[in-house]
Every structure is written in C-alpha cells, then in structure tokens.
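Novice: First, the structure itself, so that you have it in front of you.
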Amino acid sequence: MNNSSSKSKTAFVLSGGASLGAVEVGALKAIAEHGIKADLVLGTSVGSLNGAMYAYNPTLEGIKQLEEIWLNIKAWDVFTPSPVTPVLEITTAGQYLISPKNLRKLINKKMPFTNIEDTKVPLYIIGTDVKSGEEIVFNKGLAIEALMTSAGIPGVFPPQHMANRTLVDGGIVNNAAISTAYRLGAERIVIFPIGTPSPDREPKHFTEMIIHSLIYLLNRQLTADILYFKDQVEMILVPPPDNVDVWPNDFSQSKKLITEAYKTAKQWLDEEGFTSNIDEINLPCNVYTKPINFMEAVTPDPPPKALDRVKERVSETTKAINHTLTKKSKRIKKSLVEKKDDVKEKLLRKKSEEEK
C-alpha cells in the first residue's frame, strides 16, 4: 500500500520517448500494485497514449490491458514503411517523412473512449504550437486528435492544424509536464521518465538519429524542470531501468522494457518506499551541477562507407526477420500441439461414450 500518509493532490506525469514508452507501463504496474493513485494525469507524446489509457481505467486491470496493447505493437503500426511518402514529401517541399495512417488506425482501434472528458481521472494532453512555440494543453474534445497531435514528432509525422494553430509533439516544449502539473494545483508530482538509451550504441540511420538525439534533449529538459521545481512542490521520480539497450523506434522489445521497468520500480518501492527522492536521483543529461567533460579535439575517425552501412543494415534486418519467424514458428507449433491434444481428447471422449 501507499507508504505516504499525505492526502496531497497527486499528478502523474508521463513523458515521451517513442517505443521506450513501454517503460512507463512497467512502472505504472508497480505503482498500482503499491496502491498509489493519481488525481490528475498529464501525458506528452507516447506518454499521452499511456496516460489516456490509465486515466480511463486507473486500475491494475486497466494497466494490464495497456500492457497487452504494447506487447502486440509492431514498428509498422507506428512508423508506416513506405518509400513513396518521404520521396513525395521531400520533392514537393512537404513537412514530414512518415504517414500517420497506421498510428491513427492503432489508436482508434485500442482507445476505449471518444472524448478527453470521458476519462475517470482528469486527463491533460500536451501539444506544441510550432508557429508560436507555445505549449497547448488539451483538456476536452476528441481524444484521437489530441493524441495524434501530442505524438506528432515534427518532421517525422505531419502537423495537425486546428483553430489557426499548427500543432506537433508536445515534447518540443514540455516533454515531462511538471510545470503544467504545478500550475494545475498538484501538490505531489510523480514523474515517469523513459530513461536514456545505452551509451554503447550508435544510431545507424536517419530516423534513429533524430529520435535518439531528441531523447537526450528531452532528458535535459526534464533535469532542468526538476531542479527548478524541486523546492516548490513534492516530486517523486519513478526510477527507470539503467541504460536501456533498446532503440526508441524498436517496438519488438516491449516485453523486455516492461519487465525491467516493473522490477526496477518494485525494488525501489520495496526498499525505499513512495517518498520524495529527487535529491538521491542521478539526473540524466545534467549540465548544471556535474563536472565539466573536457576533451582534446583530434582528427576524427572516417565515416563508414555507404556499402558497409548497407551490409550492416541488411544483416540487422535479416536477424530481425529470423527472430520474428522463429517466434511465429513457436506460436504455430504450440497452436498445433494444442489442437492435437484437443482432437485427441474429443476422440477419447467420443469413444468412451460409444462404449457406454
């Protein structure tokens, strides 16, 4: 149960991070098992999707349903593969590289409500007006349109146009909406960060480079907000797993991320309890208090040749395909065994009835 005796108005703040949003699901599961609930939910980018599902059904059962959704998401459900879209957009001075149709289809299929006001816990979805740089907070209206806005990585997905505004991913100005939660009257802010990518892996292509870089920018913003507000409001940061070794555009590792996040959060709750921990946390991308990383500039290593990059990409794709086929083969084999046992049981039952 909740170790805190305070009845403070509690806000859950869920941030963006593409496929690393699975981390939030594992953390939410541990928090729910501990008996901790939110009085309001704020979500940005993928955090808005997780936050919306939680706000609609803020129970352990609801989180398990969210987990099931994550376990079945494929990369092409989000980043629709099409060689035509980026070429067409670039050659016609367009604004994005990836069609949002699969993401919209996924949200429409899985979202159990229509309007933001339908949630059991007040929900606030964060967007950005790319023309003015203002934060936009959706608190009513069509959930699908607010979610598509909040998840609209600029340059990757198309912007949404509403009320003479050009709207994109809320993470551009407020990825972890601590400041907004504070302005909404929250007395305790629970932050669900997605962690940082492993420092041992280098982005291999355009999409990975954009998302990878954005995550570090967003973590720097998170650290700045925490340091600014830590003396004004109680803040609790649910610790994510250390150095997540999964690319932000790789949705095949959701089970791993959820499991690791759950174990990390549960261990923290069991050992330290649900109390303010900001002063004990090693804040990511901290350029305010850490020692300066001095370095001598030398002649850089030459970039890899185009042919080598293609070979490496083909190798990675082949491994991914083999992994997928192996998983499908195991599922098919399991299904056939179950059907065989079922048929065998029916035949034995029929034989038994005939003998009677």
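Simple scheme: letters A, B, ... for chains in structure tokens order, numbers from 1 for residues in each chain, numbers from 1 for ligands in the order shown.
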Would you mind listing what lies within 7 Å of Thr264 of chain A as a list of chain:residue names, with only C-alpha atoms counted and same-chain residues fewer than 4 positions away left out?
Specialist: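 Here the answer would be A:Pro239, A:Pro240, A:Pro241, A:Glu260, A:Trp268.
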Novice: Could those residues be written to a file, using N, CA and C atoms, as a compact mmCIF listing (two decimals), in the first residue's frame?
Specialist:
```txt
# COMPACT_ATOMS: atom_id res chain seq x y z
N PRO A 239 12.14 5.56 -10.73
CA PRO A 239 13.39 5.28 -11.44
C PRO A 239 13.20 4.30 -12.60
N PRO A 240 13.69 4.65 -13.80
CA PRO A 240 13.62 3.74 -14.94
C PRO A 240 14.81 2.78 -14.90
N PRO A 241 14.81 1.76 -15.73
CA PRO A 241 15.97 0.87 -15.81
C PRO A 241 17.21 1.66 -16.26
N GLU A 260 11.68 -5.05 -17.16
CA GLU A 260 12.79 -4.39 -16.47
C GLU A 260 12.30 -3.17 -15.68
N TRP A 268 12.55 -0.42 -5.95
CA TRP A 268 12.63 0.91 -5.33
C TRP A 268 11.53 1.10 -4.29
```
Novice: Please provide the set of residues having any atom within 7 Å of Val121 of chain A, restricted to only C-alpha atoms, with same-chain residues fewer than 2 positions apart removed, written as a VMD selection string.
Specialist: chain A and resid 39 to 41 55 to 56 119 123
Novice: Excluding same-chain residues fewer than 5 positions from segment 244-258 of chain A, what lies within 9 Å of it counting only C-alpha atoms, as number ranges by chain?
Specialist: A: 17-27, 29, 67, 70-75, 78-79, 194-201, 203, 207-208, 211-212, 215, 263, 324
Novice: Do you know which residues are at most 9 Å from Leu214 of chain A counting only C-alpha atoms, after dropping those on the same chain fewer than 5 positions away, and could you put them as a list in words?
Specialist: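 Close residues of Leu214 of chain A: Gly17, Gly171, Ile172, Met209 and Asn219 of chain A.
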Novice: Export N, CA, C and O atoms of the chosen residues as a PDB file, in the first residue's frame?
Specialist:
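The result, written out as again_0.pdb:
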```pdb
ATOM      1  N   GLY A  17       8.893   9.319 -25.630  1.00  0.00           N
ATOM      2  CA  GLY A  17      10.108   8.544 -25.860  1.00  0.00           C
ATOM      3  C   GLY A  17       9.915   7.410 -26.838  1.00  0.00           C
ATOM      4  O   GLY A  17      10.624   6.417 -26.783  1.00  0.00           O
ATOM      5  N   GLY A 171       6.385  17.222 -26.716  1.00  0.00           N
ATOM      6  CA  GLY A 171       7.721  17.120 -26.148  1.00  0.00           C
ATOM      7  C   GLY A 171       8.668  18.223 -26.571  1.00  0.00           C
ATOM      8  O   GLY A 171       9.703  18.445 -25.933  1.00  0.00           O
ATOM      9  N   ILE A 172       8.319  18.939 -27.621  1.00  0.00           N
ATOM     10  CA  ILE A 172       9.185  20.015 -28.087  1.00  0.00           C
ATOM     11  C   ILE A 172       9.327  21.103 -27.022  1.00  0.00           C
ATOM     12  O   ILE A 172      10.405  21.668 -26.835  1.00  0.00           O
ATOM     13  N   MET A 209      18.709   8.443 -35.631  1.00  0.00           N
ATOM     14  CA  MET A 209      19.483   9.616 -35.231  1.00  0.00           C
ATOM     15  C   MET A 209      18.577  10.726 -34.686  1.00  0.00           C
ATOM     16  O   MET A 209      18.876  11.342 -33.656  1.00  0.00           O
ATOM     17  N   ASN A 219      15.547  14.660 -22.042  1.00  0.00           N
ATOM     18  CA  ASN A 219      16.052  14.369 -20.699  1.00  0.00           C
ATOM     19  C   ASN A 219      16.747  15.577 -20.085  1.00  0.00           C
ATOM     20  O   ASN A 219      16.668  15.798 -18.877  1.00  0.00           O
TER      21      ASN A 219
END
```
Novice: Where does DSSP see strand (DSSP E) in segment 32-250 of chain A, if you list the residues as number ranges by chain?
Specialist: A: 40-44, 123-129, 134-138, 160-162, 165-169, 188-192, 234-237
Novice: With distances taken over only C-alpha atoms, which of A:Glu271, A:Asn282, A:Thr317, A:Ser45 is nearest to Asn175 of chain A?
Specialist: A:Ser45
Novice: Check the DSSP output for the backbone and give back, as a compact mmCIF listing (two decimals) with N, CA, C and O atoms, in the first residue's frame, the residues of segment 147-353 of chain A in helix (DSSP H, G or I).
Specialist:
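Written file, selection.txt:
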```txt
# COMPACT_ATOMS: atom_id res chain seq x y z
N LEU A 147 -4.33 13.15 -29.19
CA LEU A 147 -3.25 12.16 -29.11
C LEU A 147 -2.39 12.17 -30.36
O LEU A 147 -1.15 12.06 -30.28
N MET A 148 -3.00 12.31 -31.53
CA MET A 148 -2.24 12.39 -32.77
C MET A 148 -1.36 13.64 -32.78
O MET A 148 -0.24 13.63 -33.31
N THR A 149 -1.84 14.72 -32.19
CA THR A 149 -1.04 15.94 -32.08
C THR A 149 0.14 15.71 -31.16
O THR A 149 1.29 16.00 -31.51
N SER A 150 -0.12 15.19 -29.98
CA SER A 150 0.92 15.03 -28.97
C SER A 150 2.01 14.07 -29.41
O SER A 150 3.17 14.20 -29.02
N GLY A 171 6.39 17.22 -26.72
CA GLY A 171 7.72 17.12 -26.15
C GLY A 171 8.67 18.22 -26.57
O GLY A 171 9.70 18.44 -25.93
N ILE A 172 8.32 18.94 -27.62
CA ILE A 172 9.18 20.01 -28.09
C ILE A 172 9.33 21.10 -27.02
O ILE A 172 10.41 21.67 -26.84
N VAL A 173 8.25 21.40 -26.30
CA VAL A 173 8.34 22.44 -25.27
C VAL A 173 8.15 21.91 -23.85
O VAL A 173 8.60 22.53 -22.90
N ASN A 174 7.49 20.75 -23.69
CA ASN A 174 7.22 20.28 -22.33
C ASN A 174 7.02 18.76 -22.31
O ASN A 174 5.91 18.27 -22.16
N ILE A 178 5.91 18.85 -15.83
CA ILE A 178 5.97 19.16 -14.40
C ILE A 178 5.42 20.55 -14.13
O ILE A 178 4.62 20.76 -13.21
N SER A 179 5.82 21.51 -14.96
CA SER A 179 5.38 22.89 -14.77
C SER A 179 3.87 23.02 -14.90
O SER A 179 3.22 23.78 -14.16
N THR A 180 3.29 22.28 -15.83
CA THR A 180 1.84 22.34 -16.04
C THR A 180 1.10 21.68 -14.88
O THR A 180 0.06 22.18 -14.43
N ALA A 181 1.61 20.57 -14.40
CA ALA A 181 1.02 19.91 -13.24
C ALA A 181 1.03 20.84 -12.03
O ALA A 181 0.04 20.94 -11.28
N TYR A 182 2.12 21.56 -11.86
CA TYR A 182 2.24 22.52 -10.75
C TYR A 182 1.20 23.64 -10.90
O TYR A 182 0.52 24.01 -9.93
N ARG A 183 1.03 24.16 -12.13
CA ARG A 183 0.07 25.23 -12.37
C ARG A 183 -1.38 24.74 -12.24
O ARG A 183 -2.29 25.54 -11.99
N PHE A 206 18.73 7.60 -40.39
CA PHE A 206 18.10 8.92 -40.20
C PHE A 206 17.11 8.95 -39.04
O PHE A 206 17.19 9.79 -38.15
N THR A 207 16.14 8.02 -39.05
CA THR A 207 15.10 8.02 -38.02
C THR A 207 15.69 7.78 -36.64
O THR A 207 15.32 8.45 -35.66
N GLU A 208 16.62 6.82 -36.54
CA GLU A 208 17.25 6.54 -35.25
C GLU A 208 18.01 7.76 -34.74
O GLU A 208 17.95 8.08 -33.55
N MET A 209 18.71 8.44 -35.63
CA MET A 209 19.48 9.62 -35.23
C MET A 209 18.58 10.73 -34.69
O MET A 209 18.88 11.34 -33.66
N ILE A 210 17.44 10.97 -35.35
CA ILE A 210 16.51 12.02 -34.91
C ILE A 210 15.95 11.68 -33.53
O ILE A 210 16.00 12.48 -32.59
N ILE A 211 15.40 10.46 -33.39
CA ILE A 211 14.73 10.09 -32.14
C ILE A 211 15.74 9.97 -31.01
O ILE A 211 15.49 10.40 -29.87
N HIS A 212 16.90 9.38 -31.30
CA HIS A 212 17.95 9.22 -30.29
C HIS A 212 18.37 10.58 -29.74
O HIS A 212 18.46 10.78 -28.52
N SER A 213 18.59 11.53 -30.64
CA SER A 213 19.01 12.88 -30.23
C SER A 213 17.91 13.58 -29.45
O SER A 213 18.18 14.27 -28.45
N LEU A 214 16.67 13.42 -29.92
CA LEU A 214 15.54 14.05 -29.22
C LEU A 214 15.43 13.57 -27.79
O LEU A 214 15.12 14.36 -26.88
N ILE A 215 15.69 12.30 -27.55
CA ILE A 215 15.54 11.75 -26.20
C ILE A 215 16.53 12.41 -25.24
O ILE A 215 16.21 12.71 -24.09
N TYR A 216 17.75 12.68 -25.73
CA TYR A 216 18.71 13.38 -24.87
C TYR A 216 18.28 14.82 -24.63
O TYR A 216 18.42 15.34 -23.51
N LEU A 217 17.75 15.47 -25.66
CA LEU A 217 17.23 16.83 -25.47
C LEU A 217 16.10 16.85 -24.44
O LEU A 217 16.03 17.74 -23.58
N LEU A 218 15.23 15.85 -24.53
CA LEU A 218 14.09 15.79 -23.63
C LEU A 218 14.53 15.49 -22.20
O LEU A 218 13.95 16.01 -21.23
N ASN A 219 15.55 14.66 -22.04
CA ASN A 219 16.05 14.37 -20.70
C ASN A 219 16.75 15.58 -20.08
O ASN A 219 16.67 15.80 -18.88
N ARG A 220 17.41 16.38 -20.92
CA ARG A 220 18.00 17.61 -20.40
C ARG A 220 16.91 18.57 -19.90
O ARG A 220 17.03 19.19 -18.85
N GLN A 221 15.82 18.64 -20.67
CA GLN A 221 14.69 19.47 -20.28
C GLN A 221 14.09 18.97 -18.96
O GLN A 221 13.75 19.77 -18.07
N LEU A 222 13.99 17.65 -18.82
CA LEU A 222 13.46 17.06 -17.59
C LEU A 222 14.32 17.45 -16.39
O LEU A 222 13.79 17.86 -15.34
N THR A 223 15.62 17.34 -16.54
CA THR A 223 16.52 17.69 -15.44
C THR A 223 16.39 19.16 -15.06
O THR A 223 16.34 19.52 -13.87
N ALA A 224 16.29 20.03 -16.06
CA ALA A 224 16.14 21.46 -15.79
C ALA A 224 14.86 21.74 -15.01
O ALA A 224 14.85 22.53 -14.05
N ASP A 225 13.76 21.09 -15.41
CA ASP A 225 12.48 21.30 -14.73
C ASP A 225 12.51 20.79 -13.29
O ASP A 225 11.97 21.41 -12.37
N ILE A 226 13.14 19.64 -13.09
CA ILE A 226 13.23 19.07 -11.75
C ILE A 226 14.01 20.00 -10.83
O ILE A 226 13.59 20.29 -9.70
N LEU A 227 15.15 20.49 -11.31
CA LEU A 227 15.97 21.37 -10.50
C LEU A 227 15.24 22.69 -10.19
O LEU A 227 15.40 23.27 -9.10
N TYR A 228 14.41 23.16 -11.12
CA TYR A 228 13.69 24.41 -10.92
C TYR A 228 12.55 24.26 -9.90
O TYR A 228 12.33 25.15 -9.06
N PHE A 229 11.83 23.12 -9.97
CA PHE A 229 10.63 22.98 -9.15
C PHE A 229 10.83 22.17 -7.87
O PHE A 229 9.90 22.07 -7.06
N PHE A 251 9.97 -1.54 -31.50
CA PHE A 251 8.83 -1.94 -30.69
C PHE A 251 8.80 -3.45 -30.42
O PHE A 251 7.85 -3.94 -29.83
N SER A 252 9.83 -4.16 -30.86
CA SER A 252 9.86 -5.61 -30.64
C SER A 252 10.34 -5.98 -29.24
O SER A 252 10.26 -7.14 -28.85
N GLN A 253 10.83 -4.98 -28.49
CA GLN A 253 11.40 -5.25 -27.17
C GLN A 253 10.50 -4.76 -26.02
O GLN A 253 10.96 -4.56 -24.91
N SER A 254 9.21 -4.59 -26.32
CA SER A 254 8.30 -4.05 -25.29
C SER A 254 8.25 -4.92 -24.04
O SER A 254 8.23 -4.41 -22.92
N LYS A 255 8.20 -6.22 -24.23
CA LYS A 255 8.13 -7.13 -23.07
C LYS A 255 9.35 -6.95 -22.17
O LYS A 255 9.24 -6.90 -20.94
N LYS A 256 10.52 -6.86 -22.78
CA LYS A 256 11.76 -6.66 -22.03
C LYS A 256 11.71 -5.34 -21.25
O LYS A 256 12.05 -5.30 -20.06
N LEU A 257 11.30 -4.27 -21.91
CA LEU A 257 11.24 -2.96 -21.27
C LEU A 257 10.24 -2.93 -20.12
O LEU A 257 10.52 -2.39 -19.05
N ILE A 258 9.07 -3.51 -20.34
CA ILE A 258 8.04 -3.53 -19.30
C ILE A 258 8.52 -4.33 -18.09
O ILE A 258 8.38 -3.90 -16.94
N THR A 259 9.12 -5.48 -18.35
CA THR A 259 9.61 -6.33 -17.27
C THR A 259 10.70 -5.65 -16.47
O THR A 259 10.68 -5.64 -15.23
N GLU A 260 11.68 -5.05 -17.16
CA GLU A 260 12.79 -4.39 -16.47
C GLU A 260 12.30 -3.17 -15.68
O GLU A 260 12.76 -2.93 -14.55
N ALA A 261 11.39 -2.42 -16.27
CA ALA A 261 10.85 -1.23 -15.59
C ALA A 261 10.06 -1.63 -14.35
O ALA A 261 10.15 -0.97 -13.31
N TYR A 262 9.27 -2.69 -14.46
CA TYR A 262 8.48 -3.17 -13.33
C TYR A 262 9.40 -3.59 -12.18
O TYR A 262 9.19 -3.22 -11.02
N LYS A 263 10.44 -4.38 -12.50
CA LYS A 263 11.37 -4.85 -11.47
C LYS A 263 12.10 -3.68 -10.80
O LYS A 263 12.25 -3.67 -9.58
N THR A 264 12.53 -2.72 -11.60
CA THR A 264 13.25 -1.56 -11.06
C THR A 264 12.35 -0.74 -10.13
O THR A 264 12.76 -0.37 -9.02
N ALA A 265 11.12 -0.46 -10.57
CA ALA A 265 10.19 0.33 -9.77
C ALA A 265 9.77 -0.42 -8.50
O ALA A 265 9.67 0.17 -7.43
N LYS A 266 9.52 -1.71 -8.64
CA LYS A 266 9.09 -2.52 -7.49
C LYS A 266 10.19 -2.60 -6.44
O LYS A 266 9.93 -2.47 -5.23
N GLN A 267 11.41 -2.79 -6.89
CA GLN A 267 12.53 -2.85 -5.95
C GLN A 267 12.69 -1.52 -5.21
O GLN A 267 12.91 -1.49 -3.99
N TRP A 268 12.55 -0.42 -5.95
CA TRP A 268 12.63 0.91 -5.33
C TRP A 268 11.53 1.10 -4.29
O TRP A 268 11.78 1.57 -3.17
N LEU A 269 10.30 0.73 -4.64
CA LEU A 269 9.18 0.87 -3.71
C LEU A 269 9.36 0.01 -2.47
O LEU A 269 9.07 0.44 -1.35
N ASP A 270 9.82 -1.21 -2.66
CA ASP A 270 10.00 -2.14 -1.53
C ASP A 270 11.12 -1.70 -0.60
O ASP A 270 11.02 -1.84 0.63
N GLU A 271 12.18 -1.14 -1.19
CA GLU A 271 13.36 -0.79 -0.38
C GLU A 271 13.29 0.62 0.18
O GLU A 271 13.73 0.86 1.31
N GLU A 272 12.76 1.57 -0.59
CA GLU A 272 12.80 2.97 -0.17
C GLU A 272 11.43 3.55 0.13
O GLU A 272 11.31 4.55 0.85
N ILE A 278 14.12 13.04 -5.19
CA ILE A 278 14.80 13.85 -6.20
C ILE A 278 16.26 14.10 -5.85
O ILE A 278 17.15 14.07 -6.72
N ASP A 279 16.56 14.32 -4.57
CA ASP A 279 17.93 14.62 -4.17
C ASP A 279 18.84 13.40 -4.25
O ASP A 279 20.07 13.54 -4.24
N GLU A 280 18.24 12.20 -4.31
CA GLU A 280 19.05 10.98 -4.38
C GLU A 280 19.23 10.46 -5.80
O GLU A 280 20.04 9.57 -6.05
N ALA A 306 29.40 3.78 -47.61
CA ALA A 306 27.98 3.52 -47.89
C ALA A 306 27.71 2.03 -48.02
O ALA A 306 26.71 1.52 -47.49
N LEU A 307 28.59 1.30 -48.71
CA LEU A 307 28.39 -0.13 -48.91
C LEU A 307 28.43 -0.88 -47.58
O LEU A 307 27.63 -1.80 -47.35
N ASP A 308 29.34 -0.47 -46.69
CA ASP A 308 29.43 -1.11 -45.38
C ASP A 308 28.15 -0.85 -44.57
O ASP A 308 27.68 -1.72 -43.84
N ARG A 309 27.62 0.38 -44.69
CA ARG A 309 26.38 0.70 -43.97
C ARG A 309 25.23 -0.17 -44.47
O ARG A 309 24.42 -0.67 -43.69
N VAL A 310 25.16 -0.34 -45.79
CA VAL A 310 24.10 -1.16 -46.38
C VAL A 310 24.22 -2.61 -45.92
O VAL A 310 23.23 -3.25 -45.55
N LYS A 311 25.44 -3.14 -45.94
CA LYS A 311 25.67 -4.52 -45.50
C LYS A 311 25.24 -4.72 -44.04
O LYS A 311 24.61 -5.71 -43.69
N GLU A 312 25.60 -3.75 -43.20
CA GLU A 312 25.24 -3.85 -41.79
C GLU A 312 23.73 -3.79 -41.60
O GLU A 312 23.16 -4.54 -40.81
N ARG A 313 23.08 -2.91 -42.37
CA ARG A 313 21.63 -2.78 -42.28
C ARG A 313 20.93 -4.06 -42.74
O ARG A 313 19.96 -4.51 -42.12
N VAL A 314 21.44 -4.65 -43.83
CA VAL A 314 20.87 -5.90 -44.33
C VAL A 314 21.03 -7.00 -43.29
O VAL A 314 20.11 -7.80 -43.05
N SER A 315 22.19 -7.05 -42.65
CA SER A 315 22.45 -8.05 -41.62
C SER A 315 21.49 -7.90 -40.45
O SER A 315 20.92 -8.87 -39.95
N GLU A 316 21.29 -6.65 -40.00
CA GLU A 316 20.37 -6.39 -38.89
C GLU A 316 18.93 -6.75 -39.26
O GLU A 316 18.20 -7.34 -38.46
N THR A 317 18.53 -6.41 -40.49
CA THR A 317 17.18 -6.73 -40.96
C THR A 317 16.97 -8.24 -41.03
O THR A 317 15.92 -8.75 -40.64
N THR A 318 17.99 -8.96 -41.52
CA THR A 318 17.91 -10.42 -41.62
C THR A 318 17.74 -11.05 -40.24
O THR A 318 16.92 -11.95 -40.05
N LYS A 319 18.51 -10.55 -39.27
CA LYS A 319 18.40 -11.06 -37.91
C LYS A 319 17.01 -10.81 -37.34
O LYS A 319 16.42 -11.68 -36.68
N ALA A 320 16.46 -9.61 -37.59
CA ALA A 320 15.13 -9.26 -37.10
C ALA A 320 14.06 -10.15 -37.72
O ALA A 320 13.14 -10.62 -37.04
N ILE A 321 14.20 -10.40 -39.04
CA ILE A 321 13.24 -11.27 -39.73
C ILE A 321 13.31 -12.69 -39.19
O ILE A 321 12.28 -13.32 -38.92
N ASN A 322 14.53 -13.19 -39.00
CA ASN A 322 14.71 -14.54 -38.45
C ASN A 322 14.12 -14.66 -37.05
O ASN A 322 13.50 -15.66 -36.70
N HIS A 323 14.32 -13.60 -36.26
CA HIS A 323 13.77 -13.60 -34.90
C HIS A 323 12.25 -13.65 -34.93
O HIS A 323 11.62 -14.42 -34.18
N THR A 324 11.65 -12.85 -35.82
CA THR A 324 10.19 -12.82 -35.95
C THR A 324 9.66 -14.17 -36.43
O THR A 324 8.66 -14.68 -35.91
N LEU A 325 10.33 -14.76 -37.43
CA LEU A 325 9.90 -16.06 -37.97
C LEU A 325 10.02 -17.15 -36.91
O LEU A 325 9.15 -18.04 -36.83
N THR A 326 11.06 -17.09 -36.10
CA THR A 326 11.24 -18.08 -35.03
C THR A 326 10.11 -17.99 -34.03
O THR A 326 9.55 -19.01 -33.59
N LYS A 327 9.75 -16.75 -33.65
CA LYS A 327 8.66 -16.55 -32.70
C LYS A 327 7.34 -17.05 -33.28
O LYS A 327 6.56 -17.73 -32.59
N LYS A 328 7.09 -16.73 -34.55
CA LYS A 328 5.85 -17.20 -35.19
C LYS A 328 5.82 -18.71 -35.30
O LYS A 328 4.78 -19.34 -35.09
N SER A 329 6.99 -19.32 -35.61
CA SER A 329 7.08 -20.77 -35.72
C SER A 329 6.75 -21.44 -34.39
O SER A 329 6.02 -22.45 -34.35
N LYS A 330 7.24 -20.86 -33.31
CA LYS A 330 6.96 -21.41 -31.98
C LYS A 330 5.47 -21.30 -31.64
O LYS A 330 4.88 -22.22 -31.07
N ARG A 331 4.86 -20.16 -32.02
CA ARG A 331 3.44 -19.98 -31.75
C ARG A 331 2.60 -20.97 -32.55
O ARG A 331 1.64 -21.55 -32.04
N ILE A 332 2.99 -21.16 -33.83
CA ILE A 332 2.26 -22.11 -34.68
C ILE A 332 2.39 -23.53 -34.14
O ILE A 332 1.41 -24.29 -34.08
N LYS A 333 3.61 -23.88 -33.73
CA LYS A 333 3.86 -25.22 -33.18
C LYS A 333 3.03 -25.44 -31.91
O LYS A 333 2.42 -26.50 -31.72
N LYS A 334 3.00 -24.43 -31.06
CA LYS A 334 2.22 -24.52 -29.83
C LYS A 334 0.75 -24.68 -30.13
O LYS A 334 0.05 -25.48 -29.52
N SER A 335 0.27 -23.91 -31.13
CA SER A 335 -1.14 -23.99 -31.52
C SER A 335 -1.49 -25.36 -32.07
O SER A 335 -2.55 -25.92 -31.75
N LEU A 336 -0.60 -25.92 -32.88
CA LEU A 336 -0.84 -27.25 -33.45
C LEU A 336 -0.87 -28.33 -32.37
O LEU A 336 -1.70 -29.24 -32.41
N VAL A 337 0.03 -28.21 -31.40
CA VAL A 337 0.05 -29.17 -30.28
C VAL A 337 -1.24 -29.09 -29.49
O VAL A 337 -1.84 -30.12 -29.12
N GLU A 338 -1.71 -27.86 -29.25
CA GLU A 338 -2.96 -27.68 -28.50
C GLU A 338 -4.14 -28.25 -29.27
O GLU A 338 -5.03 -28.89 -28.68
N LYS A 339 -4.16 -28.03 -30.59
CA LYS A 339 -5.24 -28.58 -31.41
C LYS A 339 -5.19 -30.09 -31.44
O LYS A 339 -6.23 -30.77 -31.39
N LYS A 340 -3.97 -30.63 -31.51
CA LYS A 340 -3.81 -32.09 -31.50
C LYS A 340 -4.34 -32.68 -30.20
O LYS A 340 -5.06 -33.69 -30.21
N ASP A 341 -3.98 -32.07 -29.09
CA ASP A 341 -4.45 -32.55 -27.79
C ASP A 341 -5.97 -32.43 -27.68
O ASP A 341 -6.63 -33.30 -27.11
N ASP A 342 -6.51 -31.35 -28.25
CA ASP A 342 -7.96 -31.14 -28.21
C ASP A 342 -8.69 -32.21 -29.01
O ASP A 342 -9.69 -32.77 -28.56
N VAL A 343 -8.17 -32.49 -30.22
CA VAL A 343 -8.77 -33.53 -31.06
C VAL A 343 -8.66 -34.89 -30.39
O VAL A 343 -9.62 -35.69 -30.39
N LYS A 344 -7.51 -35.17 -29.80
CA LYS A 344 -7.30 -36.44 -29.11
C LYS A 344 -8.29 -36.60 -27.96
O LYS A 344 -8.89 -37.67 -27.76
N GLU A 345 -8.49 -35.51 -27.21
CA GLU A 345 -9.42 -35.55 -26.08
C GLU A 345 -10.85 -35.79 -26.56
O GLU A 345 -11.60 -36.58 -25.95
N LYS A 346 -11.23 -35.15 -27.67
CA LYS A 346 -12.58 -35.33 -28.21
C LYS A 346 -12.80 -36.76 -28.70
O LYS A 346 -13.87 -37.35 -28.50
N LEU A 347 -11.78 -37.34 -29.35
CA LEU A 347 -11.88 -38.71 -29.84
C LEU A 347 -12.01 -39.71 -28.69
O LEU A 347 -12.81 -40.65 -28.74
N LEU A 348 -11.23 -39.48 -27.63
CA LEU A 348 -11.31 -40.36 -26.46
C LEU A 348 -12.67 -40.25 -25.78
O LEU A 348 -13.24 -41.25 -25.33
N ARG A 349 -13.19 -38.99 -25.73
CA ARG A 349 -14.50 -38.79 -25.12
C ARG A 349 -15.59 -39.49 -25.94
O ARG A 349 -16.49 -40.12 -25.40
N LYS A 350 -15.47 -39.36 -27.26
CA LYS A 350 -16.45 -39.99 -28.15
C LYS A 350 -16.39 -41.51 -28.04
O LYS A 350 -17.43 -42.20 -27.99
N LYS A 351 -15.17 -42.05 -27.98
CA LYS A 351 -15.00 -43.49 -27.85
C LYS A 351 -15.58 -43.99 -26.54
O LYS A 351 -16.24 -45.04 -26.47
N SER A 352 -15.37 -43.22 -25.49
CA SER A 352 -15.89 -43.58 -24.16
C SER A 352 -17.41 -43.60 -24.17
O SER A 352 -18.04 -44.49 -23.59
N GLU A 353 -18.01 -42.59 -24.86
CA GLU A 353 -19.47 -42.53 -24.94
C GLU A 353 -20.03 -43.69 -25.75
O GLU A 353 -21.09 -44.24 -25.43
```
Novice: As an exercise, work out the distance from atom CA of Ile31 of chain A to atom CA of Val233 of chain A in Å and give it to one decimal place.
Specialist: 19.9 Å
Novice: Report the distance between atom CA of Lys140 of chain A and atom CA of Leu184 of chain A in Å, rounded to one decimal place.
Specialist: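 If I compute the distance from atom CA of Lys140 of chain A to atom CA of Leu184 of chain A, I get 15.0 Å.
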